[in-house]
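Colleague: So here's run.txt (compact mmCIF, C-alpha atoms).
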```
# COMPACT_ATOMS: atom_id res chain seq x y z
CA MET K 22 96.58 -106.14 41.49
CA PHE K 23 97.46 -108.31 38.52
CA ASN K 24 99.17 -106.70 35.52
CA PHE K 25 97.17 -107.48 32.37
CA ASN K 26 99.35 -105.37 30.10
CA GLY K 27 100.34 -108.30 27.88
CA ILE K 28 96.77 -109.53 27.45
CA SER K 29 96.68 -108.42 23.81
CA ASN K 30 99.10 -111.23 23.00
CA ILE K 31 96.70 -113.94 24.12
CA VAL K 32 93.18 -112.65 23.37
CA PHE K 33 91.93 -112.86 19.79
CA ALA K 34 88.77 -112.43 17.80
CA LEU K 35 87.36 -115.67 16.41
CA GLY K 36 85.91 -115.39 12.95
CA ARG K 37 85.00 -117.26 9.84
CA ASN K 38 86.80 -116.55 6.61
CA GLY K 39 84.49 -116.56 3.60
CA PRO K 40 84.08 -114.98 0.17
CA ALA K 41 82.99 -111.70 1.75
CA GLY K 42 85.97 -111.60 4.09
CA VAL K 43 86.23 -112.40 7.76
CA GLN K 44 83.06 -112.29 9.82
CA ILE K 45 83.89 -111.97 13.50
CA ALA K 46 81.89 -114.32 15.71
CA GLY K 47 83.30 -113.65 19.16
CA THR K 48 86.35 -113.80 21.37
CA ALA K 49 88.90 -116.55 22.04
CA PHE K 50 92.03 -116.75 24.17
CA ALA K 51 95.22 -118.77 24.35
CA LEU K 52 95.41 -121.61 26.84
CA ASN K 53 98.46 -122.79 28.75
CA LYS K 54 99.32 -125.38 26.11
CA PRO K 55 100.99 -124.30 22.84
CA GLY K 56 98.54 -123.90 19.97
CA PHE K 57 95.41 -124.39 22.11
CA PHE K 58 92.71 -121.74 22.51
CA ALA K 59 89.33 -121.53 24.21
CA THR K 60 86.04 -119.87 23.40
CA ALA K 61 82.31 -120.42 23.87
CA SER K 62 80.96 -123.36 21.86
CA HIS K 63 78.19 -121.23 20.37
CA VAL K 64 80.87 -118.92 18.98
CA ALA K 65 82.83 -121.74 17.37
CA GLY K 66 79.66 -123.35 15.98
CA THR K 67 79.90 -126.83 14.49
CA ASP K 68 81.53 -126.10 11.16
CA GLY K 69 85.30 -126.18 11.39
CA GLN K 70 85.80 -124.83 7.88
CA GLY K 71 87.14 -121.31 7.55
CA LEU K 72 87.59 -120.68 11.26
CA VAL K 73 90.33 -118.15 11.93
CA LEU K 74 91.74 -116.27 14.86
CA ALA K 75 92.10 -112.60 14.02
CA PHE K 76 94.13 -109.89 15.67
CA LYS K 77 95.72 -106.51 15.25
CA LYS K 78 99.25 -106.01 16.42
CA LEU K 79 99.28 -104.25 19.78
CA SER K 80 102.28 -103.77 21.99
CA SER K 81 99.98 -103.37 24.95
CA LEU K 82 96.36 -102.78 25.80
CA ASN K 83 97.23 -99.10 26.26
CA ASP K 84 97.98 -98.63 22.55
CA TYR K 85 95.50 -96.46 20.64
CA GLN K 86 93.57 -98.95 18.51
CA ASP K 87 92.76 -97.44 15.12
CA THR K 88 89.04 -98.04 14.60
CA GLY K 89 89.39 -97.07 10.94
CA ASP K 90 92.00 -99.72 10.26
CA THR K 91 90.12 -102.75 8.97
CA SER K 92 93.21 -104.86 8.24
CA LEU K 93 93.53 -108.03 10.25
CA GLN K 94 96.17 -110.65 10.77
CA LEU K 95 94.77 -114.17 10.67
CA PHE K 96 95.71 -117.75 11.31
CA PRO K 97 93.52 -120.81 10.74
CA VAL K 98 92.20 -122.80 13.65
CA GLN K 99 90.34 -126.10 14.06
CA ILE K 100 87.80 -127.28 16.61
CA GLU K 101 89.59 -129.67 18.96
CA ALA K 102 86.88 -130.26 21.56
CA LEU K 103 83.31 -129.10 22.00
CA ASP K 104 81.13 -129.13 25.12
CA PRO K 105 77.73 -127.60 24.28
CA PHE K 106 76.33 -128.44 27.74
CA HIS K 107 78.83 -125.99 29.28
CA ASP K 108 79.07 -123.81 26.16
CA LEU K 109 82.81 -124.26 25.82
CA ALA K 110 85.08 -125.10 22.92
CA VAL K 111 88.79 -125.77 22.63
CA LEU K 112 90.45 -124.81 19.38
CA ARG K 113 93.80 -125.82 17.99
CA ALA K 114 96.11 -124.00 15.60
CA ASP K 115 99.49 -124.82 14.14
CA VAL K 116 101.16 -121.98 16.03
CA GLY K 117 103.33 -121.78 19.10
CA ILE K 118 101.21 -119.23 20.94
CA VAL K 119 100.78 -120.12 24.59
CA SER K 120 99.67 -118.31 27.73
CA ASN K 121 100.73 -118.86 31.32
CA LEU K 122 97.22 -118.56 32.63
CA VAL K 123 96.08 -120.51 35.64
CA VAL K 124 92.70 -122.17 35.03
CA GLY K 125 90.51 -121.91 38.08
CA GLY K 126 86.77 -121.76 38.34
CA ALA K 127 83.72 -120.13 39.85
CA ASP K 128 84.55 -121.58 43.27
CA GLN K 129 87.49 -119.16 43.37
CA ALA K 130 85.34 -116.11 42.59
CA PRO K 131 83.21 -115.24 45.62
CA VAL K 132 80.45 -112.66 45.44
CA GLY K 133 81.88 -109.15 45.52
CA TYR K 134 85.23 -110.20 44.09
CA GLY K 135 86.70 -107.99 41.37
CA VAL K 136 87.17 -109.50 37.91
CA SER K 137 88.33 -108.32 34.49
CA SER K 138 87.15 -109.60 31.13
CA PHE K 139 88.75 -108.97 27.75
CA GLY K 140 86.85 -109.19 24.49
CA PHE K 141 85.48 -107.50 21.41
CA PRO K 142 82.14 -105.79 22.17
CA HIS K 143 80.08 -104.66 19.17
CA ALA K 144 81.90 -107.06 16.83
CA ASP K 145 78.51 -107.65 15.18
CA HIS K 146 78.89 -104.16 13.74
CA GLY K 147 82.43 -104.82 12.55
CA ARG K 148 84.07 -103.02 15.44
CA MET K 149 87.20 -104.79 16.59
CA VAL K 150 88.53 -103.13 19.69
CA LEU K 151 90.04 -105.31 22.38
CA THR K 152 88.34 -103.98 25.48
CA GLN K 153 88.82 -104.54 29.19
CA GLN K 154 85.72 -104.53 31.36
CA ASP K 155 86.03 -104.56 35.12
CA ALA K 156 83.20 -105.75 37.30
CA GLU K 157 82.35 -107.46 40.54
CA ILE K 158 80.81 -110.85 40.94
CA GLY K 159 77.15 -110.21 41.64
CA ALA K 160 76.07 -113.79 42.22
CA ARG K 161 77.02 -117.40 41.64
CA VAL K 162 74.27 -119.36 39.94
CA LEU K 163 73.47 -122.78 38.55
CA ILE K 164 72.03 -122.64 35.04
CA ALA K 165 70.70 -125.69 33.23
CA SER K 166 71.60 -126.42 29.65
CA GLY K 167 70.21 -129.48 27.91
CA GLY K 168 69.36 -130.95 31.30
CA ILE K 169 72.84 -130.40 32.77
CA LYS K 170 73.27 -127.75 35.45
CA ALA K 171 76.50 -125.80 35.37
CA LYS K 172 78.13 -123.22 37.61
CA HIS K 173 77.96 -119.68 36.27
CA LEU K 174 79.07 -116.30 37.52
CA VAL K 175 76.89 -113.20 37.29
CA LEU K 176 79.08 -110.23 36.39
CA ASN K 177 77.76 -106.80 37.33
CA THR K 178 78.41 -105.31 33.93
CA GLN K 179 76.74 -104.98 30.56
CA ALA K 180 78.12 -107.03 27.69
CA ARG K 181 77.44 -106.87 23.98
CA PRO K 182 77.65 -109.21 20.96
CA GLY K 183 81.23 -110.22 20.26
CA GLN K 184 82.12 -110.72 23.90
CA SER K 185 81.06 -114.37 24.09
CA GLY K 186 84.21 -116.38 24.66
CA SER K 187 85.94 -113.61 26.61
CA PRO K 188 88.15 -114.81 29.45
CA VAL K 189 87.17 -113.58 32.91
CA PHE K 190 90.08 -113.21 35.33
CA ARG K 191 90.35 -112.38 38.99
CA LYS K 192 91.79 -108.88 39.19
CA SER K 193 93.91 -109.76 42.20
CA ASP K 194 96.02 -112.54 40.68
CA GLY K 195 94.90 -113.17 37.08
CA VAL K 196 93.41 -116.62 37.72
CA LEU K 197 90.91 -117.55 35.00
CA VAL K 198 87.55 -118.05 36.68
CA GLY K 199 85.05 -117.92 33.82
CA VAL K 200 84.27 -117.60 30.15
CA LEU K 201 81.66 -115.03 29.16
CA VAL K 202 78.68 -116.60 27.37
CA GLY K 203 75.87 -114.03 27.38
CA SER K 204 73.45 -112.22 29.61
CA TYR K 205 70.24 -112.97 31.40
CA ALA K 206 67.19 -112.73 29.15
CA PRO K 207 63.80 -114.29 29.86
CA GLY K 208 63.39 -117.29 27.58
CA GLY K 209 66.80 -116.63 26.04
CA GLY K 210 65.68 -113.37 24.41
CA GLY K 211 65.32 -112.90 20.71
CA GLY K 212 61.66 -111.93 20.85
CA ILE K 213 62.10 -108.22 20.26
CA SER K 214 64.75 -106.38 18.30
CA LEU K 215 65.07 -102.59 18.21
CA GLY K 216 67.76 -101.52 15.79
CA GLY K 217 69.35 -104.94 16.16
CA VAL K 218 69.33 -104.73 19.96
CA ASP K 219 67.23 -106.99 22.17
CA PRO K 220 66.01 -104.73 25.01
CA HIS K 221 65.96 -107.73 27.33
CA THR K 222 69.77 -107.70 27.24
CA LEU K 223 70.19 -104.07 28.27
CA HIS K 224 71.18 -104.56 31.88
CA GLN K 225 74.14 -105.47 34.05
CA THR K 226 73.54 -109.20 34.50
CA THR K 227 76.17 -110.86 32.38
CA HIS K 228 76.69 -114.63 32.53
CA ALA K 229 80.06 -116.39 32.51
CA VAL K 230 80.37 -120.17 32.73
CA SER K 231 82.87 -121.51 35.25
CA ALA K 232 86.30 -122.08 33.71
CA GLU K 233 86.70 -125.33 35.64
CA TYR K 234 84.93 -127.24 32.84
CA LEU K 235 87.71 -126.23 30.43
CA SER K 236 90.46 -128.07 32.21
CA LYS K 237 89.14 -131.50 31.16
CA MET K 238 88.94 -130.57 27.51
CA TYR K 239 92.61 -130.30 26.51
CA MET I 17 90.31 -159.57 22.27
CA ILE I 18 87.29 -158.14 20.53
CA THR I 19 87.87 -158.37 16.80
CA ASN I 20 84.77 -157.22 14.94
CA ILE I 21 81.93 -154.75 15.02
CA ASP I 22 79.31 -157.40 15.86
CA ALA I 23 81.22 -158.32 19.00
CA LEU I 24 81.22 -154.66 20.03
CA LEU I 25 77.51 -154.30 19.32
CA ALA I 26 76.74 -157.44 21.33
CA GLU I 27 77.94 -155.79 24.54
CA GLU I 28 76.07 -153.25 26.66
CA PRO I 29 75.28 -150.18 24.52
CA ILE I 30 76.37 -147.80 27.31
CA LYS I 31 79.95 -148.94 26.65
CA TRP I 32 80.01 -146.71 23.57
CA VAL I 33 79.54 -143.77 25.90
CA GLN I 34 81.88 -144.97 28.63
CA GLU I 35 84.90 -144.66 26.40
CA LEU I 36 84.27 -141.05 25.45
CA PRO I 37 86.49 -138.37 27.02
CA GLU I 38 85.49 -137.55 30.58
CA TYR I 39 84.11 -134.10 29.78
CA GLN I 40 81.63 -135.67 27.34
CA ARG I 41 80.99 -138.90 29.23
CA GLU I 42 79.98 -137.33 32.55
CA ALA I 43 77.11 -135.28 31.15
CA ILE I 44 75.85 -138.07 28.90
CA GLU I 45 75.93 -140.66 31.70
CA LYS I 46 74.07 -138.26 33.98
CA LEU I 47 71.29 -137.75 31.45
CA HIS I 48 71.11 -141.50 30.75
CA PHE I 49 70.95 -142.26 34.47
CA ASN I 50 68.04 -139.81 34.70
CA GLY I 51 66.15 -141.83 32.11
CA ALA I 52 66.91 -140.12 28.82
CA SER I 53 67.31 -142.35 25.77
CA PHE I 54 70.49 -142.18 23.72
CA ASP I 55 68.53 -140.45 20.99
CA GLU I 56 67.16 -137.86 23.42
CA ILE I 57 70.66 -137.24 24.75
CA ALA I 58 71.95 -136.68 21.22
CA GLN I 59 69.23 -134.09 20.69
CA ALA I 60 70.04 -132.45 24.01
CA TRP I 61 73.74 -132.34 23.16
CA LEU I 62 72.99 -130.74 19.85
CA ASN I 63 70.50 -128.17 21.13
CA ALA I 64 72.05 -127.40 24.52
CA SER I 65 71.80 -123.74 25.44
CA ALA I 66 72.00 -122.15 28.87
CA GLU I 67 68.46 -121.39 30.04
CA ASN I 68 67.34 -117.76 30.03
CA THR I 69 70.64 -116.64 28.57
CA TYR I 70 71.05 -114.46 25.51
CA ARG I 71 74.24 -115.41 23.73
CA PHE I 72 76.68 -112.68 22.77
CA SER I 73 78.19 -114.13 19.64
CA ALA I 74 78.51 -111.60 16.84
CA SER I 75 77.14 -113.76 14.08
CA THR I 76 74.58 -116.49 13.56
CA PRO I 77 75.98 -120.00 14.02
CA VAL I 78 76.43 -121.96 10.82
CA GLY I 79 74.34 -125.09 10.26
CA ASP I 80 70.74 -126.25 10.64
CA LYS I 81 70.41 -128.11 13.92
CA GLY I 82 66.87 -129.16 13.07
CA THR I 83 68.01 -131.64 10.46
CA PHE I 84 71.52 -132.28 11.68
CA LEU I 85 70.88 -135.40 13.74
CA GLU I 86 68.80 -137.07 11.04
CA ASN I 87 71.52 -136.34 8.51
CA LEU I 88 74.14 -137.73 10.85
CA LYS I 89 72.12 -140.91 11.38
CA ARG I 90 71.80 -141.32 7.64
CA GLU I 91 75.56 -141.06 7.26
CA VAL I 92 76.16 -143.54 10.09
CA ARG I 93 73.80 -145.98 8.38
CA ALA I 94 75.58 -145.40 5.08
CA PHE I 95 78.94 -146.06 6.70
CA LEU I 96 77.90 -149.16 8.62
CA CYS I 97 75.66 -150.69 5.98
CA GLY I 98 78.03 -150.49 3.06
CA ASP I 99 77.41 -147.33 1.06
CA LYS I 100 80.01 -147.04 -1.68
CA LYS I 101 81.17 -143.59 -0.64
CA TYR I 102 82.52 -145.02 2.62
CA LYS I 103 83.94 -148.25 1.15
CA LYS I 104 87.59 -147.31 1.61
CA GLU I 105 87.23 -146.10 5.19
CA ARG I 106 84.89 -148.93 6.11
CA ASP I 107 87.13 -151.63 4.68
CA GLY I 108 90.09 -150.07 6.44
CA LEU I 109 88.29 -149.93 9.76
CA PHE I 110 86.59 -153.31 9.72
CA GLY I 111 89.68 -154.97 8.27
CA ASP I 112 91.61 -154.15 11.43
CA LYS I 113 91.94 -156.78 14.09
CA GLY I 114 91.40 -155.84 17.68
CA LEU I 115 88.76 -153.26 16.90
CA ALA I 116 88.25 -150.86 19.81
CA ARG I 117 85.28 -148.59 20.41
CA THR I 118 87.33 -145.41 20.61
CA TYR I 119 88.90 -146.23 17.27
CA VAL I 120 85.53 -147.03 15.67
CA VAL I 121 84.03 -143.73 16.87
CA SER I 122 87.00 -141.57 15.88
CA ALA I 123 87.44 -143.26 12.49
CA MET I 124 83.75 -142.85 11.68
CA ALA I 125 83.82 -139.23 12.84
CA VAL I 126 86.77 -138.43 10.59
CA ALA I 127 85.10 -140.18 7.63
CA ILE I 128 81.64 -138.66 8.09
CA ALA I 129 82.55 -135.10 9.16
CA PRO I 130 83.37 -133.81 5.65
CA HIS I 131 79.98 -135.02 4.36
CA LEU I 132 78.22 -132.91 6.99
CA SER I 133 80.63 -129.95 6.82
CA VAL I 134 81.46 -130.21 10.48
CA ALA I 135 84.58 -130.80 12.53
CA SER I 136 85.10 -134.45 13.51
CA ALA I 137 85.42 -133.41 17.17
CA VAL I 138 81.86 -132.13 16.98
CA ILE I 139 80.27 -135.41 15.95
CA SER I 140 82.32 -137.96 17.93
CA PRO I 141 79.94 -138.07 20.91
CA LEU I 142 76.93 -138.08 18.60
CA ILE I 143 78.31 -141.07 16.71
CA ALA I 144 78.88 -142.88 20.00
CA LEU I 145 75.25 -142.14 20.94
CA VAL I 146 73.92 -143.33 17.59
CA LEU I 147 75.95 -146.54 17.91
CA ALA I 148 74.62 -146.99 21.44
CA SER I 149 71.08 -146.59 20.14
CA VAL I 150 71.64 -149.45 17.67
CA GLY I 151 71.40 -151.76 20.66
CA LYS I 152 72.44 -155.39 20.93
CA VAL I 153 71.94 -156.52 17.40
CA ALA I 154 74.13 -157.95 14.65
CA LEU I 155 75.08 -155.33 12.11
CA ASN I 156 73.60 -157.19 9.12
CA ALA I 157 70.32 -157.64 10.96
CA TRP I 158 70.25 -153.96 11.88
CA CYS I 159 71.04 -152.82 8.36
CA VAL I 160 68.16 -154.74 6.77
CA THR I 161 65.73 -153.06 9.15
CA GLN I 162 66.88 -149.59 8.18
CA THR I 163 64.90 -147.55 5.72
CA ASP I 164 66.50 -144.61 4.04
CA ALA I 165 66.08 -142.32 1.08
CA GLU I 166 69.03 -144.01 -0.56
CA PRO I 167 69.32 -147.78 -0.97
CA ILE I 168 71.68 -149.34 1.52
CA ILE I 169 73.86 -152.22 0.46
CA PRO I 170 74.24 -154.94 3.10
CA PRO I 171 77.78 -155.00 4.51
CA ASP I 172 78.81 -158.38 3.16
CA ALA I 173 77.73 -157.46 -0.36
CA ALA I 174 79.83 -154.30 -0.24
CA ARG I 175 83.10 -156.13 0.30
```
In structure tokens, how does this file's structure come out?
Modeller:
Amino acid sequence: MFNFNGISNIVFALGRNGPAGVQIAGTAFALNKPGFFATASHVAGTDGQGLVLAFKKLSSLNDYQDTGDTSLQLFPVQIEALDPFHDLAVLRADVGIVSNLVVGGADQAPVGYGVSSFGFPHADHGRMVLTQQDAEIGARVLIASGGIKAKHLVLNTQARPGQSGSPVFRKSDGVLVGVLVGSYAPGGGGGISLGGVDPHTLHQTTHAVSAEYLSKMY
Amino acid sequence: MITNIDALLAEEPIKWVQELPEYQREAIEKLHFNGASFDEIAQAWLNASAENTYRFSASTPVGDKGTFLENLKREVRAFLCGDKKYKKERDGLFGDKGLARTYVVSAMAVAIAPHLSVASAVISPLIALVLASVGKVALNAWCVTQTDAEPIIPPDAAR
């Protein structure tokens, strides 16, 4: 089983710094090239102004994260490459942060395989807790976007806002196989909202786009 | 060696797309092969969203996609047809000898991006698609056919 203990050094929240402070948009993670990071393109958006990567200092994922501590450490980041068809973005920052991750893809994640994702669920409510979710691959699917079909993984887990952009690794060896982008919802959801929650998203059918599309972007 | 924008425009429009990075080119060429116009591809690129998938971002994306492409086209017209606000960048670009498509697209993206409050990386493929949609026509001839909210100065008069 792969040791993810140092994951807190390479997974960040992506936000936008404005007059009201930092608004977290989702999750991003360091790539295997210094200063390069990846996230979902819908998290990065199109406006490069004010984009920041935010984090709290953790020595490991086992640290107790203080949910009352709202202080963040930030560094600015720019959009380097955007692929809306596959919902992926590569960001670049003037920092030396680098990961040793191996970029694979959905082909390396057969149905039933165990995976771990790391992200910031409930970031829409201001909660910033780096969280590991373990799941199994429930299916491998092709999903069209703008007329282009792309390989996706169905993760047997429930995700929440803030987790888009989370890296999805094989538990066995830490190979990156996907990037979390959302969950199944008929018509894309958004039709009903109960207390800010779309009931169509309350299930364990989370979608992650294959990480293979990332490798051509940086 | 190709030395001016008219020479680039005189060649097959798909060439604007063929010199994009592979991750952008593959999808665009596939849609074009399937019969989509360059304008339709630009719209698809801008509005792409995985079908039946609820996105888990924690905030609403910035920017109005509904008007974005029209605004981008207006800026491309302003750049190509001699608007004063792009004079410096345009003179610098068109004054270079050995003009290459990749350079034209990236230089226009860098010049236009601040006017649309977007990252230049975001609009590079869209600029290539807009240039491809111009078709095989001399720039001056194209500019005089363009109507816009703001008057466009023909390129030669802007120099």
Colleague: What is the distance, in Å and to one decimal place, between CA of Ala114 (chain K) and CA of Ser137 (chain K)?
Modeller: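 Spanning CA of Ala114 (chain K) to CA of Ser137 (chain K) is a straight-line distance of 25.8 Å.
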Colleague: Show me the residues close to (90.6, -109.8, 43.5) - anything with an atom within 9 Å, counting only C-alpha atoms - and format the list as JSON, numbers by chain.
Modeller: {"K": [22, 23, 130, 133, 134, 135, 136, 190, 191, 192, 193, 194, 195]}
Colleague: Distance CA of Gly47 (chain K)-CA of Gly71 (chain K), one decimal place?
Modeller: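 Value for the CA of Gly47 (chain K)-CA of Gly71 (chain K) distance: 14.4 Å.
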Colleague: Tell me which protein, DNA and RNA residues are within 10 Å of Phe95 (chain I), counting only C-alpha atoms, leaving out same-chain ones fewer than 6 positions away, and put them as an NGL selection string.
Modeller: :I and (89 or 101-103 or 105-106 or 124 or 127-128 or 168 or 171)
Colleague: Any idea which chain I residues end up within 9 Å of chain K if we count all atoms listed in the file, as a ChimeraX atom specification please?
Modeller: /I:37-40,43,46-47,57,59-79,132-139
Colleague: Kindly give the distance, in Å, that separates CA of Leu36 (chain I) and CA of Ala58 (chain I), rounded to a single decimal.
Modeller: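 Going from CA of Leu36 (chain I) over to CA of Ala58 (chain I), I get 13.7 Å.
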Colleague: Extending 5 Å beyond the listed atoms of region 148-156 of chain K on each side, what axis-aligned box results? I want centre and edge lengths in Å to one decimal, as lines of an AutoDock Vina configuration file.
Modeller:
```
center_x = 86.6
center_y = -104.4
center_z = 26.4
size_x = 16.8
size_y = 12.7
size_z = 31.9
```
Colleague: Can you find the residues with an atom no farther than 10 Å from (79.0, -146.4, 20.4), counting all atoms listed in the file, and report them as a short mmCIF file (atom, residue, chain, number, x, y, z; two decimals) with C-alpha atoms, in the coordinates of the input?
Modeller:
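Once written, result-v4.cif looks like this:
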```cif
data_model
loop_
_atom_site.label_atom_id
_atom_site.label_comp_id
_atom_site.auth_asym_id
_atom_site.auth_seq_id
_atom_site.Cartn_x
_atom_site.Cartn_y
_atom_site.Cartn_z
CA LEU I 24 81.22 -154.66 20.03
CA LEU I 25 77.51 -154.30 19.32
CA GLU I 28 76.07 -153.25 26.66
CA PRO I 29 75.28 -150.18 24.52
CA ILE I 30 76.37 -147.80 27.31
CA LYS I 31 79.95 -148.94 26.65
CA TRP I 32 80.01 -146.71 23.57
CA VAL I 33 79.54 -143.77 25.90
CA GLN I 34 81.88 -144.97 28.63
CA GLU I 35 84.90 -144.66 26.40
CA LEU I 36 84.27 -141.05 25.45
CA ARG I 117 85.28 -148.59 20.41
CA THR I 118 87.33 -145.41 20.61
CA VAL I 120 85.53 -147.03 15.67
CA VAL I 121 84.03 -143.73 16.87
CA SER I 140 82.32 -137.96 17.93
CA PRO I 141 79.94 -138.07 20.91
CA LEU I 142 76.93 -138.08 18.60
CA ILE I 143 78.31 -141.07 16.71
CA ALA I 144 78.88 -142.88 20.00
CA LEU I 145 75.25 -142.14 20.94
CA VAL I 146 73.92 -143.33 17.59
CA LEU I 147 75.95 -146.54 17.91
CA ALA I 148 74.62 -146.99 21.44
CA SER I 149 71.08 -146.59 20.14
CA VAL I 150 71.64 -149.45 17.67
CA GLY I 151 71.40 -151.76 20.66
#
```
Colleague: From the list K:Ser81, K:Ser138, K:Ser231, K:Thr152, which residue is nearest Asn177 (chain K) when using only C-alpha atoms?
Modeller: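 Closest to Asn177 (chain K), using only C-alpha atoms: K:Ser138.
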